[in-house]
Amino acid sequence: MTKKDIAQEFLKLAANGHCHEAFRLYIGKNFKHHNAYFKGDADTLMLAMEESTRTNPNKIFKIHHILEDGNLVAVHSHLKQTPNELGFAVVHILKFESDKIVELWDLGQPVPKEAINENGMF
């Protein structure tokens, strides 16, 4: 499996309610998460992902682009907590040591109802 494959599988498992499996398979020791709204450890992130799945069981997560550069993988995706909402454009940046994710950054931007830019977000 490539780092891109691992990143994709990790995010899809987590988004589809299989957080424990995603973390067991793909998260390395001393994992760090960089999100201003959560503590930076693996357990906190996993619990937040589980809560999101319970709250939003019909979540839609679609990957549009995956880029790999050395030990970093960037994933550009569209996340909708419910099928009827516009959702967010999200970029996850995952840092690897061997085949394990050791750091994760996530950045999101709401998809506007009416966009000025004619090219879209995806």
# chains A, B, ... in the order shown; residues from 1 in each chain; ligands from 1

$ select_by_dssp --residues "chain A" --states "strand (DSSP E)" --output "ChimeraX atom specification"
/A:27-34,60-69,72-80,88-97,100-110

$ residues_around --residues "region 55-72 of chain A" --least-positions-apart "2" --cutoff "7 Å" --atoms "only C-alpha atoms" --output "MDAnalysis selection string"
chainID A and resid 4 15 51:53 74:83 93:97 122

$ select_by_dssp --residues "chain A" --states "helix (DSSP H, G or I)" --output "ChimeraX atom specification"
/A:3-15,19-26,42-55

$ closest_residue --among "A:Met1, A:Met46, A:Asn119, A:Ala36" --to "Leu13 (chain A)" --atoms "only C-alpha atoms"
A:Met46

$ atom_distance --atom1 "CA of Ile6 (chain A)" --atom2 "CA of Leu86 (chain A)"
27.0 Å

$ atom_distance --atom1 "CA of His92 (chain A)" --atom2 "CA of Leu45 (chain A)"
13.4 Å

$ atom_distance --atom1 "CA of Asn84 (chain A)" --atom2 "CA of Phe23 (chain A)"
28.8 Å

$ residues_around --residues "Ala42 (chain A)" --least-positions-apart "3" --cutoff "10 Å" --atoms "only C-alpha atoms" --output "number ranges by chain"
A: 23, 27-33, 39, 45-48, 102-104

$ closest_residue --among "A:Glu114, A:Thr2, A:Phe38, A:Leu11" --to "Val90 (chain A)" --atoms "only C-alpha atoms"
A:Leu11
